[in-house]
Amino acid sequence: MTSARQLVVTDLAVERGGRSVISGLSFEVSAGEALVITGPNGAGKTTLMRALAGFLAPKSGQIELRIGPPGSTGLTRDDGRSIAEQAHVIGHLNGIKATLTVAENVAFARSFFANGRPPPQAGNPEAIDASASDEIDAALDKLGLGNLAAIPAGLLSAGQKRRLCLARLLVAQRPVWLLDEPTVSLDALSTRLVASLIDAHVNGGGMALIVTHVPLGLSNYRELELRPAGGTSGRPDADTEKSESAPS
Amino acid sequence: MIAPFRALIGRDITLALRDGAGLGTALGFYLIVVTMLPLGLGPDMKLLSRIAPGMLWIAMLLAALLSMARLFEADQEDGSLEVLATGSLPLELVVMAKAFAHWLTTAVPLALITPVLGLLLNLDLAANGPLVLTMLAGTPAISFLGAIGAALTLRARRGGLLVALLVLPLYIPTLIFGISAVSAIVLDTGAFGPSILILTAISLLSIVLAPIASAAALRMQFE
């Protein structure tokens, strides 16, 4: 990371279908920080993530990605690019193609996100000059998918698909990670793996916002607890479950 | 910006070739419709020959439209569309890449198989070349205008027929000038040049403008 970044959310309000889901939410995340977002079903975690990713227009309030030279305190608003262009968004769906092989899926993610340039890898200097296929192999090995590279992604198990989805975090470097329940259908070992990836990203000067229901075991993080907005806290879970699992 | 654009085109072409269902259905549909025409109209060779260019154009339009509804649907279902939307590529160019891949994998094969089907309709052999040429020049408009319909009906259930209703009227200019170009060759009226130029202009205009409309419709669907 060559520049300091800060994600600033000010008095954010988001509505879904005329119903207020998030209101009056303010928080900041700086480079090198992980923010774990928790809350009961229907509290607006996914809605917040989709608003941050730019899929949902906020009703009021601001989401800004401020940027400045390293070490400076007076960060200016980054008007050039939206957050979506600097963030990896991992949603509920994996976004991998069943008919492409595991390696092809990663190769596509790499060239689509990394603009064809090898991304600089913090703490792994020899990888900078690695060719594309080495880089893809390295990412797959890291996620324990190395021996499945030539298999169509549709044949993978749910947990393996999730890990393949996370491979795009590794092959293309982006400063902000927006992860919505990244550990869904992952076993305990893979969950620790995800936690170590997030730790490495944050320690390398990245920024991570993670929605999760399970403790990840991150080494260093802050927590933000969302509560169902606007006096809707008394609703039965069956109702809120729907808005949570159908984020479209 | 070029590398992601190329990567997306490459991915869509690979998917289309590996899946095969879209192109197979389109080619099969085209073949069946053209085969049924002589059965329905009777074996009047003169009549068939006269209506052949128009019939081939219409059948090709409908066949190309079949896979149109799936243009964004498959990516929407597995979450790829949102991944594509967060790339460094503007959504307009994502649409452009996908529509271009659709044109390459659907419309171009349909246009190229047309001379074979023309035999079934007693199409004037001299008209084969111009017919394929007009189809190649006119079909980009089909893929790109179709992308608007596909984006608008993304979240609608059974959106396929809706796409047809939305975009078929937009295909009328392409159809008119496509057929007038072929007729100019068959009847030797000398109007081939202007017709194919207008046809190309319609296609170029769609390539530029349709992705903007389609991307706007997609952004609406993300909400």
# chains A, B, ... in the order shown; residues from 1 in each chain; ligands from 1

call {"tool": "closest_atom_pairs", "arguments": {"of": "chain B", "to": "chain A", "cutoff": "6 Å", "atoms": "only C-alpha atoms", "output": "Markdown table"}}
result
| residue | atom | partner | partner_atom | distance |
| --- | --- | --- | --- | --- |
| B:Ala3 | CA | A:Asn115 | CA | 5.6 |
| B:Pro4 | CA | A:Phe112 | CA | 4.1 |
| B:Asp78 | CA | A:Gly95 | CA | 5.1 |
| B:Gly79 | CA | A:Gly95 | CA | 4.1 |
| B:Ser80 | CA | A:Gly95 | CA | 3.8 |
| B:Thr86 | CA | A:Ala84 | CA | 5.1 |
| B:Gly87 | CA | A:Phe113 | CA | 5.6 |
| B:Ser88 | CA | A:Glu85 | CA | 5.4 |
| B:Phe222 | CA | A:Phe55 | CA | 5.5 |
| B:Glu223 | CA | A:Leu56 | CA | 5.1 |

call {"tool": "residues_around", "arguments": {"residues": "A:Ala158", "least_positions_apart": "2", "cutoff": "12 Å", "atoms": "only C-alpha atoms", "output": "number ranges by chain"}}
result
A: 93-94, 96, 98, 153-156, 160-165, 183-187

call {"tool": "atom_distance", "arguments": {"atom1": "atom CA of B:Ala137", "atom2": "atom CA of B:Ala64"}}
result
14.3 Å

call {"tool": "closest_residue", "arguments": {"among": "B:Ser180, B:Thr35, B:Thr105, B:Thr189", "to": "B:Ser67", "atoms": "only C-alpha atoms"}}
result
B:Thr105

call {"tool": "residues_around", "arguments": {"residues": "stretch 118-123 of chain B", "least_positions_apart": "6", "cutoff": "7 Å", "atoms": "only C-alpha atoms", "output": "list of chain:residue names"}}
result
B:Thr35, B:Pro38, B:Met45, B:Leu48, B:Ser49, B:Ala52

call {"tool": "select_by_dssp", "arguments": {"residues": "stretch 46-106 of chain B", "states": "helix (DSSP H, G or I)", "output": "PyMOL selection string"}}
result
chain B and resi 46-66+70-77+80-85+91-106

call {"tool": "write_last_selection", "arguments": {"atoms": "C-alpha atoms", "output": "short mmCIF file (atom, residue, chain, number, x, y, z; two decimals), in the first residue's frame"}}
result
data_model
loop_
_atom_site.label_atom_id
_atom_site.label_comp_id
_atom_site.auth_asym_id
_atom_site.auth_seq_id
_atom_site.Cartn_x
_atom_site.Cartn_y
_atom_site.Cartn_z
CA LYS B 46 -41.24 -19.21 -57.48
CA LEU B 47 -43.08 -18.12 -54.36
CA LEU B 48 -40.44 -19.65 -52.07
CA SER B 49 -37.64 -18.03 -54.01
CA ARG B 50 -39.31 -14.64 -53.76
CA ILE B 51 -39.96 -14.74 -50.03
CA ALA B 52 -36.73 -16.60 -49.11
CA PRO B 53 -34.61 -13.57 -48.03
CA GLY B 54 -37.37 -12.19 -45.81
CA MET B 55 -38.16 -15.56 -44.28
CA LEU B 56 -34.51 -16.30 -43.59
CA TRP B 57 -34.04 -12.89 -41.99
CA ILE B 58 -37.08 -13.26 -39.73
CA ALA B 59 -36.22 -16.83 -38.74
CA MET B 60 -32.66 -15.74 -37.98
CA LEU B 61 -33.88 -12.81 -35.86
CA LEU B 62 -36.09 -15.08 -33.78
CA ALA B 63 -33.35 -17.71 -33.43
CA ALA B 64 -30.83 -15.12 -32.25
CA LEU B 65 -33.39 -13.79 -29.81
CA LEU B 66 -33.84 -17.20 -28.15
CA ARG B 70 -29.89 -15.66 -20.88
CA LEU B 71 -27.33 -12.97 -21.61
CA PHE B 72 -27.20 -11.70 -18.03
CA GLU B 73 -29.40 -14.29 -16.35
CA ALA B 74 -26.73 -16.96 -15.96
CA ASP B 75 -24.30 -14.44 -14.46
CA GLN B 76 -27.00 -13.10 -12.18
CA GLU B 77 -27.87 -16.55 -10.84
CA SER B 80 -20.89 -13.38 -11.34
CA LEU B 81 -22.74 -10.29 -12.49
CA GLU B 82 -22.06 -8.47 -9.23
CA VAL B 83 -18.44 -9.56 -9.41
CA LEU B 84 -18.26 -8.12 -12.92
CA ALA B 85 -19.89 -4.93 -11.68
CA LEU B 91 -20.53 -1.63 -16.49
CA GLU B 92 -21.14 -0.23 -19.98
CA LEU B 93 -18.05 -2.03 -21.25
CA VAL B 94 -19.04 -5.20 -19.39
CA VAL B 95 -22.32 -5.11 -21.33
CA MET B 96 -20.44 -4.38 -24.54
CA ALA B 97 -18.10 -7.34 -24.04
CA LYS B 98 -20.95 -9.69 -23.24
CA ALA B 99 -23.08 -8.53 -26.17
CA PHE B 100 -20.08 -8.83 -28.50
CA ALA B 101 -19.44 -12.39 -27.30
CA HIS B 102 -23.13 -13.15 -27.85
CA TRP B 103 -22.89 -11.80 -31.38
CA LEU B 104 -19.78 -13.86 -32.12
CA THR B 105 -21.16 -17.10 -30.72
CA THR B 106 -24.78 -16.84 -31.86
#

call {"tool": "atom_distance", "arguments": {"atom1": "atom CA of A:Leu166", "atom2": "atom CA of A:Arg66"}}
result
25.8 Å

call {"tool": "residues_around", "arguments": {"residues": "A:Ser60", "least_positions_apart": "3", "cutoff": "10 Å", "atoms": "only C-alpha atoms", "output": "list in words"}}
result
Thr10, Asp11, Leu12, Ala13, Val14, Glu15, Ser23, Gly24, Ala57 and Ile63 of chain A
